[in-house]
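Participant: Below is work27.txt; it holds compact mmCIF, C-alpha atoms.
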```txt
# COMPACT_ATOMS: atom_id res chain seq x y z
CA MET A 1493 0.00 0.00 0.00
CA ILE A 1494 1.42 3.35 -1.06
CA LEU A 1495 0.07 5.32 1.91
CA ASN A 1496 0.53 2.45 4.40
CA GLU A 1497 -2.96 2.97 5.83
CA LYS A 1498 -6.55 2.00 5.26
CA ARG A 1499 -8.64 4.63 3.46
CA SER A 1500 -12.38 5.04 3.80
CA LEU A 1501 -14.35 5.73 0.63
CA TRP A 1502 -17.91 6.89 0.09
CA ILE A 1503 -19.09 5.62 -3.28
CA TYR A 1504 -22.32 6.40 -5.10
CA THR A 1505 -23.37 4.47 -8.19
CA PRO A 1506 -26.43 5.21 -10.38
CA GLN A 1507 -29.39 2.91 -10.02
CA ILE A 1508 -30.44 0.92 -13.08
CA ASP A 1509 -32.66 -2.10 -13.63
CA SER A 1510 -29.91 -4.33 -15.04
CA SER A 1511 -32.38 -7.21 -15.39
CA VAL A 1512 -33.84 -5.32 -18.36
CA PHE A 1513 -31.36 -2.74 -19.59
CA SER A 1514 -27.68 -2.95 -20.43
CA LYS A 1515 -25.41 -1.72 -17.68
CA PRO A 1516 -23.75 1.41 -19.08
CA SER A 1517 -20.42 2.89 -18.10
CA TYR A 1518 -20.44 6.17 -16.20
CA PRO A 1519 -18.07 9.13 -15.85
CA VAL A 1520 -16.43 9.14 -12.42
CA LEU A 1521 -16.24 12.14 -10.10
CA TYR A 1522 -13.41 11.93 -7.55
CA VAL A 1523 -14.02 14.20 -4.56
CA LEU A 1524 -11.29 15.42 -2.20
CA ASP A 1525 -12.40 16.09 1.40
CA GLY A 1526 -15.20 13.63 0.68
CA GLU A 1527 -16.65 13.89 4.18
CA ASN A 1528 -17.46 17.55 3.48
CA ASN A 1529 -18.45 17.54 -0.18
CA PHE A 1530 -19.80 14.10 -1.12
CA LEU A 1531 -23.45 14.51 -0.11
CA SER A 1532 -23.97 17.88 -1.81
CA LEU A 1533 -22.44 16.57 -5.05
CA MET A 1534 -24.64 13.48 -4.93
CA THR A 1535 -27.68 15.76 -4.60
CA ILE A 1536 -26.60 17.97 -7.53
CA ILE A 1537 -26.00 15.01 -9.82
CA ASN A 1538 -29.29 13.36 -8.88
CA GLN A 1539 -31.21 16.60 -9.38
CA LEU A 1540 -29.68 17.39 -12.78
CA GLY A 1541 -29.14 13.85 -14.06
CA VAL A 1542 -32.08 11.79 -12.78
CA ILE A 1543 -34.98 13.57 -11.07
CA ASN A 1544 -37.90 14.60 -13.32
CA GLY A 1545 -36.13 13.04 -16.27
CA ASN A 1546 -33.35 15.63 -16.12
CA LYS A 1547 -30.36 14.92 -18.36
CA VAL A 1548 -28.52 18.22 -17.91
CA LEU A 1549 -25.66 16.17 -16.43
CA PRO A 1550 -24.79 12.55 -17.09
CA GLU A 1551 -25.38 10.12 -14.31
CA MET A 1552 -22.05 9.57 -12.59
CA ILE A 1553 -20.19 7.42 -10.13
CA ILE A 1554 -19.04 9.58 -7.20
CA VAL A 1555 -15.99 8.58 -5.17
CA GLY A 1556 -15.63 10.53 -1.94
CA ILE A 1557 -12.06 10.26 -0.65
CA ILE A 1558 -12.20 10.55 3.13
CA ASN A 1559 -9.28 12.12 5.00
CA THR A 1560 -7.52 10.00 7.60
CA PRO A 1561 -7.20 11.68 11.04
CA GLY A 1562 -4.46 14.27 11.13
CA ASN A 1563 -3.34 13.67 7.54
CA ARG A 1564 -5.31 16.16 5.47
CA VAL A 1565 -2.43 18.62 5.22
CA ARG A 1566 -0.02 15.79 4.47
CA ASP A 1567 -2.08 14.55 1.51
CA LEU A 1568 -3.25 17.85 0.06
CA THR A 1569 0.02 19.80 -0.03
CA PRO A 1570 2.40 19.19 -2.95
CA SER A 1571 5.51 20.58 -1.21
CA LYS A 1572 7.01 20.54 2.28
CA ASN A 1573 6.62 23.73 4.29
CA VAL A 1574 8.08 24.11 7.78
CA SER A 1575 5.08 26.18 8.86
CA PHE A 1576 2.79 23.17 8.33
CA ARG A 1577 3.58 20.03 10.30
CA ASN A 1578 3.36 16.80 8.34
CA SER A 1579 3.05 18.62 5.00
CA GLY A 1580 4.32 17.78 1.53
CA GLY A 1581 2.79 14.35 0.88
CA GLY A 1582 0.77 15.43 -2.14
CA GLU A 1583 2.87 13.60 -4.72
CA ASN A 1584 2.60 10.37 -2.75
CA PHE A 1585 -1.15 10.88 -2.45
CA THR A 1586 -1.37 11.40 -6.22
CA LEU A 1587 0.53 8.14 -6.70
CA PHE A 1588 -2.11 6.47 -4.50
CA LEU A 1589 -4.83 7.87 -6.76
CA GLU A 1590 -3.07 6.71 -9.92
CA LYS A 1591 -1.82 3.29 -8.88
CA GLU A 1592 -4.42 2.13 -6.35
CA LEU A 1593 -7.67 4.07 -6.19
CA ILE A 1594 -8.43 4.62 -9.88
CA PRO A 1595 -7.56 1.00 -10.83
CA TYR A 1596 -9.74 -0.22 -7.94
CA ILE A 1597 -12.73 1.83 -9.15
CA ASN A 1598 -12.17 0.76 -12.77
CA LYS A 1599 -12.07 -2.91 -11.73
CA ASN A 1600 -15.07 -2.94 -9.42
CA TYR A 1601 -17.46 -0.38 -10.91
CA PRO A 1602 -18.80 0.40 -14.43
CA ALA A 1603 -16.41 3.32 -14.88
CA ALA A 1604 -16.02 5.18 -18.16
CA PRO A 1605 -12.57 6.61 -18.96
CA TYR A 1606 -13.80 10.18 -18.31
CA ARG A 1607 -12.69 11.26 -14.82
CA THR A 1608 -13.19 14.54 -12.95
CA LEU A 1609 -11.25 15.66 -9.86
CA ILE A 1610 -12.83 18.26 -7.58
CA GLY A 1611 -11.32 19.94 -4.54
CA HIS A 1612 -11.73 22.99 -2.31
CA SER A 1613 -9.09 25.04 -0.48
CA LEU A 1614 -6.05 22.74 -0.02
CA GLY A 1615 -8.05 20.25 -2.09
CA GLY A 1616 -8.19 22.89 -4.84
CA LEU A 1617 -4.43 23.29 -4.56
CA MET A 1618 -4.04 19.54 -5.16
CA VAL A 1619 -6.42 19.74 -8.11
CA MET A 1620 -4.16 22.35 -9.70
CA ASN A 1621 -1.02 20.38 -8.87
CA THR A 1622 -2.54 17.34 -10.55
CA LEU A 1623 -3.54 19.32 -13.63
CA ILE A 1624 -0.09 20.89 -13.93
CA ASN A 1625 2.09 17.88 -13.11
CA HIS A 1626 -0.10 14.83 -13.87
CA THR A 1627 -2.29 16.22 -16.61
CA SER A 1628 -3.56 12.98 -18.16
CA LEU A 1629 -4.75 11.48 -14.88
CA PHE A 1630 -8.13 13.23 -15.16
CA SER A 1631 -10.18 14.69 -17.99
CA ALA A 1632 -11.68 17.55 -16.00
CA TYR A 1633 -10.51 19.53 -12.98
CA VAL A 1634 -12.48 21.67 -10.54
CA ALA A 1635 -10.44 23.93 -8.23
CA ILE A 1636 -12.67 25.79 -5.77
CA ASP A 1637 -11.00 28.72 -4.00
CA PRO A 1638 -7.67 26.86 -4.16
CA SER A 1639 -4.91 27.70 -1.67
CA MET A 1640 -2.46 28.82 -4.35
CA SER A 1641 -0.58 31.01 -1.85
CA TYR A 1642 0.59 27.91 0.05
CA ASP A 1643 4.36 27.63 0.51
CA GLN A 1644 5.00 31.18 -0.71
CA GLY A 1645 3.08 30.39 -3.90
CA LYS A 1646 5.57 27.74 -5.04
CA LEU A 1647 3.11 25.91 -7.30
CA LEU A 1648 1.89 29.24 -8.70
CA THR A 1649 5.47 30.18 -9.61
CA ASN A 1650 6.11 26.81 -11.26
CA SER A 1651 2.84 26.96 -13.17
CA ARG A 1652 3.97 30.00 -15.18
CA THR A 1653 6.22 27.81 -17.28
CA LEU A 1654 4.49 24.46 -16.94
CA LEU A 1655 1.09 25.72 -18.08
CA GLN A 1656 2.68 27.02 -21.25
CA GLU A 1657 4.36 23.69 -21.99
CA LYS A 1658 1.44 21.34 -21.39
CA ALA A 1659 -0.74 19.89 -24.11
CA LEU A 1660 -4.24 20.17 -22.68
CA THR A 1661 -6.42 18.88 -25.49
CA ARG A 1662 -9.68 17.38 -24.17
CA THR A 1663 -8.94 18.82 -20.75
CA SER A 1664 -11.37 21.03 -18.83
CA LEU A 1665 -10.79 23.28 -15.83
CA PHE A 1666 -13.23 25.26 -13.70
CA LEU A 1667 -11.66 27.75 -11.30
CA GLY A 1668 -13.92 29.29 -8.67
CA MET A 1669 -12.89 32.16 -6.39
CA ALA A 1670 -14.62 33.35 -3.20
CA ASN A 1671 -14.65 36.86 -1.77
CA THR A 1672 -11.96 36.79 0.93
CA MET A 1673 -11.17 40.52 0.75
CA ASN A 1674 -11.63 43.05 3.50
CA PRO A 1675 -14.85 45.11 3.31
CA GLY A 1676 -14.55 47.98 0.86
CA MET A 1677 -11.95 46.29 -1.32
CA ASP A 1678 -12.45 45.06 -4.87
CA THR A 1679 -10.34 42.87 -7.15
CA SER A 1680 -8.58 45.94 -8.58
CA ALA A 1681 -7.48 46.94 -5.09
CA VAL A 1682 -6.33 43.39 -4.39
CA ARG A 1683 -4.00 43.47 -7.36
CA GLN A 1684 -2.29 46.53 -5.86
CA ASP A 1685 -2.23 45.23 -2.28
CA THR A 1686 0.82 43.42 -0.85
CA THR A 1687 -0.39 42.70 2.69
CA GLN A 1688 -0.87 39.19 4.00
CA VAL A 1689 -4.65 39.48 4.21
CA THR A 1690 -5.01 39.44 0.41
CA GLN A 1691 -2.41 36.77 -0.39
CA HIS A 1692 -5.00 34.02 -0.85
CA ILE A 1693 -7.26 35.83 -3.31
CA SER A 1694 -4.33 37.54 -5.01
CA ALA A 1695 -2.76 34.17 -5.79
CA ILE A 1696 -5.99 32.92 -7.40
CA LEU A 1697 -6.24 36.08 -9.51
CA ASN A 1698 -2.63 35.53 -10.53
CA LEU A 1699 -3.49 32.00 -11.61
CA SER A 1700 -6.46 33.21 -13.66
CA ASP A 1701 -4.15 35.73 -15.37
CA GLN A 1702 -1.74 32.93 -16.25
CA LEU A 1703 -4.54 30.93 -17.78
CA LYS A 1704 -5.77 33.90 -19.80
CA HIS A 1705 -2.32 34.48 -21.25
CA ARG A 1706 -1.49 30.91 -22.24
CA SER A 1707 -0.17 30.92 -25.80
CA MET A 1708 -1.96 27.62 -26.48
CA HIS A 1709 -5.74 27.58 -26.54
CA ASP A 1710 -6.46 23.85 -26.22
CA LEU A 1711 -7.60 24.00 -22.58
CA LYS A 1712 -11.35 24.40 -22.10
CA TRP A 1713 -11.59 26.47 -18.94
CA ASN A 1714 -13.75 28.92 -17.05
CA PHE A 1715 -13.08 31.27 -14.15
CA LYS A 1716 -15.86 32.57 -11.94
CA TYR A 1717 -15.73 34.99 -9.05
CA TYR A 1718 -18.42 34.74 -6.34
CA PRO A 1719 -18.63 38.14 -4.61
CA ASP A 1720 -21.38 36.97 -2.23
CA GLU A 1721 -19.59 33.79 -1.06
CA ASP A 1722 -16.76 33.38 1.41
CA HIS A 1723 -14.15 30.63 1.57
CA ALA A 1724 -16.43 28.28 3.54
CA SER A 1725 -19.68 28.89 1.64
CA ILE A 1726 -18.44 28.66 -1.95
CA PRO A 1727 -18.20 24.85 -2.55
CA LEU A 1728 -21.90 24.16 -3.16
CA ILE A 1729 -22.62 26.84 -5.75
CA ALA A 1730 -19.22 26.51 -7.43
CA SER A 1731 -19.63 22.73 -7.75
CA TYR A 1732 -23.01 23.26 -9.42
CA ASP A 1733 -21.57 25.77 -11.87
CA ALA A 1734 -18.48 23.67 -12.52
CA LEU A 1735 -20.39 20.53 -13.46
CA LYS A 1736 -22.74 22.49 -15.72
CA PHE A 1737 -19.71 24.02 -17.43
CA ILE A 1738 -17.83 20.75 -17.89
CA PHE A 1739 -20.87 18.95 -19.26
CA LYS A 1740 -22.51 21.94 -20.97
CA HIS A 1741 -22.96 20.01 -24.23
CA TYR A 1742 -24.41 16.89 -22.60
CA LYS A 1743 -28.11 17.67 -22.63
CA PHE A 1744 -30.11 16.63 -25.67
CA PRO A 1745 -32.10 18.32 -26.86
CA GLN A 1746 -31.15 21.71 -25.44
CA THR A 1747 -34.85 22.36 -24.82
CA GLN A 1748 -37.28 19.90 -23.27
CA PRO A 1749 -37.59 16.59 -25.15
CA VAL A 1750 -41.26 17.19 -25.97
CA ASN A 1751 -40.24 20.27 -27.93
CA LEU A 1752 -38.18 18.17 -30.33
CA TYR A 1753 -39.20 14.52 -30.18
CA PHE A 1754 -42.86 15.43 -30.63
CA ASP A 1755 -42.31 18.29 -33.07
CA LYS A 1756 -43.78 17.05 -36.35
CA ARG A 1757 -41.80 19.64 -38.28
CA TYR A 1758 -38.89 17.24 -37.91
CA THR A 1759 -39.08 14.15 -40.08
CA VAL A 1760 -38.05 10.82 -38.62
CA THR A 1761 -34.87 10.92 -40.69
CA GLU A 1762 -34.01 14.44 -39.47
CA LEU A 1763 -34.67 13.53 -35.85
CA LYS A 1764 -32.50 10.42 -36.04
CA LYS A 1765 -29.70 12.43 -37.62
CA LEU A 1766 -29.88 15.05 -34.84
CA ILE A 1767 -29.67 12.39 -32.13
CA ASN A 1768 -26.78 10.55 -33.76
CA SER A 1769 -24.89 13.79 -34.43
CA HIS A 1770 -25.30 14.90 -30.82
CA TYR A 1771 -23.91 11.69 -29.32
CA GLN A 1772 -21.11 11.51 -31.87
CA ALA A 1773 -20.07 15.06 -30.93
CA LEU A 1774 -20.21 14.13 -27.23
CA SER A 1775 -18.08 11.04 -27.89
CA ASP A 1776 -15.52 13.15 -29.74
CA GLU A 1777 -15.43 15.69 -26.91
CA MET A 1778 -15.22 13.20 -24.04
CA GLY A 1779 -12.89 10.71 -25.70
CA TYR A 1780 -15.03 7.58 -25.46
CA THR A 1781 -18.29 6.29 -26.92
CA VAL A 1782 -21.18 8.11 -25.26
CA ARG A 1783 -24.58 6.52 -25.86
CA PRO A 1784 -28.07 7.80 -25.08
CA PRO A 1785 -29.62 6.01 -22.09
CA GLU A 1786 -31.24 2.78 -23.30
CA GLU A 1787 -34.17 3.18 -20.90
CA VAL A 1788 -34.94 6.70 -22.19
CA ILE A 1789 -34.86 5.74 -25.87
CA ASN A 1790 -36.93 2.63 -25.11
CA ARG A 1791 -39.53 4.68 -23.25
CA PHE A 1792 -40.02 7.10 -26.13
CA GLY A 1793 -40.37 4.18 -28.53
CA TYR A 1794 -43.32 2.86 -26.53
CA ILE A 1795 -44.84 6.33 -26.11
CA PHE A 1796 -44.98 6.75 -29.89
CA LEU A 1797 -46.21 3.17 -30.31
CA GLN A 1798 -49.12 3.94 -27.99
CA GLN A 1799 -49.82 7.11 -29.96
CA LYS A 1800 -49.81 5.02 -33.16
CA ASP A 1801 -46.96 7.12 -34.55
CA ASN A 1802 -45.30 3.95 -35.74
CA SER A 1803 -42.60 5.57 -37.87
CA ARG A 1804 -41.23 7.43 -34.83
CA ALA A 1805 -41.63 4.37 -32.63
CA LYS A 1806 -39.65 2.23 -35.07
CA MET A 1807 -36.93 4.87 -35.29
CA PHE A 1808 -36.42 4.91 -31.50
CA PHE A 1809 -36.43 1.12 -31.26
CA GLN A 1810 -33.92 0.88 -34.10
CA LEU A 1811 -31.73 3.50 -32.42
CA ASN A 1812 -31.57 1.32 -29.35
CA ILE A 1813 -30.58 -1.70 -31.43
CA ASP A 1814 -27.86 0.38 -33.09
CA TYR A 1815 -26.52 1.70 -29.78
CA TYR A 1816 -27.10 -1.46 -27.69
CA PRO A 1817 -26.76 -4.50 -29.96
CA GLU A 1818 -25.83 -6.59 -26.92
CA SER A 1819 -29.17 -5.93 -25.16
CA PHE A 1820 -31.99 -8.46 -25.39
CA ASN A 1821 -34.45 -5.70 -24.52
CA THR A 1822 -33.83 -3.74 -27.73
CA TYR A 1823 -34.85 -6.73 -29.89
CA ASP A 1824 -37.80 -7.55 -27.65
CA SER A 1825 -39.07 -3.98 -28.08
CA MET A 1826 -38.69 -4.15 -31.85
CA GLY A 1827 -40.61 -7.41 -31.75
CA ASP A 1828 -43.43 -5.58 -29.99
CA TYR A 1829 -43.34 -2.95 -32.72
CA TYR A 1830 -43.77 -5.57 -35.44
CA LEU A 1831 -46.56 -7.20 -33.45
CA SER A 1832 -48.41 -3.88 -33.58
CA GLU A 1833 -47.81 -3.85 -37.35
CA GLU A 1834 -49.16 -7.43 -37.52
CA ASP A 1835 -45.94 -8.52 -39.20
CA LYS A 1836 -45.66 -11.88 -37.48
CA SER A 1837 -42.57 -13.09 -39.32
CA ALA A 1838 -40.57 -9.99 -38.36
CA ALA A 1839 -41.85 -10.15 -34.77
CA ILE A 1840 -40.77 -13.81 -34.51
CA HIS A 1841 -37.33 -12.89 -35.84
CA TYR A 1842 -36.77 -10.21 -33.19
CA PHE A 1843 -38.16 -12.26 -30.31
CA GLU A 1844 -35.88 -15.14 -31.29
CA LYS A 1845 -32.93 -12.76 -31.41
CA ALA A 1846 -33.80 -11.46 -27.93
CA LEU A 1847 -33.89 -15.02 -26.57
CA THR A 1848 -30.42 -15.78 -27.92
CA LEU A 1849 -29.16 -12.99 -25.67
CA LYS A 1850 -31.24 -13.76 -22.58
CA ASN A 1851 -33.73 -16.52 -21.86
CA LYS A 1852 -36.72 -14.56 -20.58
CA PRO A 1853 -39.92 -16.56 -19.96
CA ASP A 1854 -42.23 -13.69 -20.93
CA ILE A 1855 -40.53 -13.33 -24.34
CA ARG A 1856 -40.60 -17.09 -24.90
CA LEU A 1857 -44.32 -17.09 -24.08
CA LYS A 1858 -44.93 -14.30 -26.64
CA LEU A 1859 -42.92 -16.22 -29.22
CA GLU A 1860 -44.71 -19.52 -28.69
CA LYS A 1861 -48.10 -17.84 -28.85
CA LEU A 1862 -47.10 -16.03 -32.03
CA LYS A 1863 -45.81 -19.18 -33.71
CA HIS A 1864 -48.99 -21.01 -32.77
CA THR A 1865 -51.25 -18.32 -34.28
CA LYS A 1866 -49.04 -18.12 -37.37
CA ALA A 1867 -49.42 -21.85 -37.94
CA GLU A 1868 -53.20 -21.73 -37.81
```
Turn this file's structure into structure tokens for me.
Facilitator:
Amino acid sequence: MILNEKRSLWIYTPQIDSSVFSKPSYPVLYVLDGENNFLSLMTIINQLGVINGNKVLPEMIIVGIINTPGNRVRDLTPSKNVSFRNSGGGENFTLFLEKELIPYINKNYPAAPYRTLIGHSLGGLMVMNTLINHTSLFSAYVAIDPSMSYDQGKLLTNSRTLLQEKALTRTSLFLGMANTMNPGMDTSAVRQDTTQVTQHISAILNLSDQLKHRSMHDLKWNFKYYPDEDHASIPLIASYDALKFIFKHYKFPQTQPVNLYFDKRYTVTELKKLINSHYQALSDEMGYTVRPPEEVINRFGYIFLQQKDNSRAKMFFQLNIDYYPESFNTYDSMGDYYLSEEDKSAAIHYFEKALTLKNKPDIRLKLEKLKHTKAE
């Protein structure tokens, strides 16, 4: 064990009826100071990825990394500083993430290769250290009011050169900054101030300036200042904004589904092209194959079947077959479509295909009944 200790983890995984639908892979959100930030992130992701059919964010696996007693400073500081006892273990902690934690999650959970690291304060400092020195470990980084002034701003000084040298294609960063100034000050005054009280916010402004002046423009990043939040109150709202920024292209369609799926101005061919183009663009952006949720596509297929809009129903069922050829459910649903069309031969074909993938008694019963009526 790299850290020579047992680590507690809080892990959330999306709920899916795997007896019917294929088990998809999910992006993974790794959370520093998990005991403080895990529950709020779980709520955000459920609200924007599940509840009321929301698909603003993808459903995600959340891994809350819990600090061991007395070792937070050790793990979340990238350099040794005599003013902080037991500091400077950040590189060893990163090695733990790379060699032990991430492989463990990949082995035991349906993890997609898209990973996000989120941290606040010293956790934000470690997020930036990871981005700068271990860029490929995560796809997206969220640094919330990071302690960039730590150790006389050593990481901030090093980042001037390193940020220019790094290739950051398909990398996202959200940098959030709280209002830690004295009353009556603004960010312009901070830039002119050299007293200790403004070192924290001044270092973050310095970092944002570095990012603005990078000669390479491959990094997708956003900086947001929260004048009404202090260092302790910022994590919730900044996490919300960060996830919406990182996954801003995820939602399809950009308006409510009823405004597009049920809009008869779009032909079936046009609608299918829009859906395929959206998920191809997402796959290109995120670096792995992103598929629409099987359950969602299946549900719309049956909605249109009930409405006797069979051309749209068939399109949705065929989409599911195209995206999930390994799922028995997709062929069973297409069999139901052909039953409604009274095309018994085609229905038999799809029910038989479904049974080759999974022996479900209800499908076998439909098939036997269909073969019996066909023989009469």
Participant: May I have the residues within 10 Å of Thr1761 of chain A as a ChimeraX atom specification, using only C-alpha atoms and disregarding those fewer than 3 positions away in the same chain?
Facilitator: /A:1758,1764-1766,1803-1804,1807
Participant: Provide the atom CA of Asp1678 of chain A to atom CA of Ala1734 of chain A distance in Å, to one decimal place.
Facilitator: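 Atom CA of Asp1678 of chain A sits 23.5 Å away from atom CA of Ala1734 of chain A.
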Participant: One number please: atom CA of Asn1528 of chain A to atom CA of Asn1714 of chain A, in Å, one decimal.
Facilitator: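 Going from atom CA of Asn1528 of chain A over to atom CA of Asn1714 of chain A, I get 23.8 Å.
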Participant: Just checking: using all atoms listed in the file, which residue out of A:Thr1848, A:Ser1500, A:Thr1687, A:Ser1819 ends up closest to Lys1515 of chain A?
Facilitator: A:Ser1819
Participant: Could you pull the residues within 6 Å of segment 1657-1661 of chain A, counting all atoms listed in the file, minus those fewer than 3 positions along the same chain, as a PyMOL selection string?
Facilitator: chain A and resi 1654+1710-1711
Participant: Pick from A:Ile1508, A:Tyr1718, A:Ser1651, A:Phe1744: nearest to Ala1773 of chain A, with only C-alpha atoms counted?
Facilitator: A:Phe1744
Participant: Just the number, please: distance in Å from atom CA of Gln1798 of chain A to atom CA of Leu1859 of chain A, one decimal.
Facilitator: 21.1 Å
Participant: Please, which residues are within 12 Å of (-8.7, 6.4, -9.8) by the file's coordinates, counting all atoms listed in the file, and could they come as a PyMOL selection string?
Facilitator: chain A and resi 1501+1519-1523+1553-1557+1585-1601+1603-1609+1628-1631
Participant: From the set A:Thr1865, A:Ser1731, A:Asn1851, A:Asn1650, which residue has the shortest atom-to-atom contact distance to Ser1532 of chain A, counting only C-alpha atoms?
Facilitator: A:Ser1731
Participant: Nearest to Asp1824 of chain A: which of A:Phe1513, A:Arg1566, A:Ile1636, A:Val1689 is it, counting all atoms listed in the file?
Facilitator: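 Closest to Asp1824 of chain A, using all atoms listed in the file: A:Phe1513.
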Participant: Quick one: of A:Pro1675, A:Pro1727, A:Gly1793, A:Gly1827, who's nearest to Pro1638 of chain A, counting only C-alpha atoms?
Facilitator: A:Pro1727
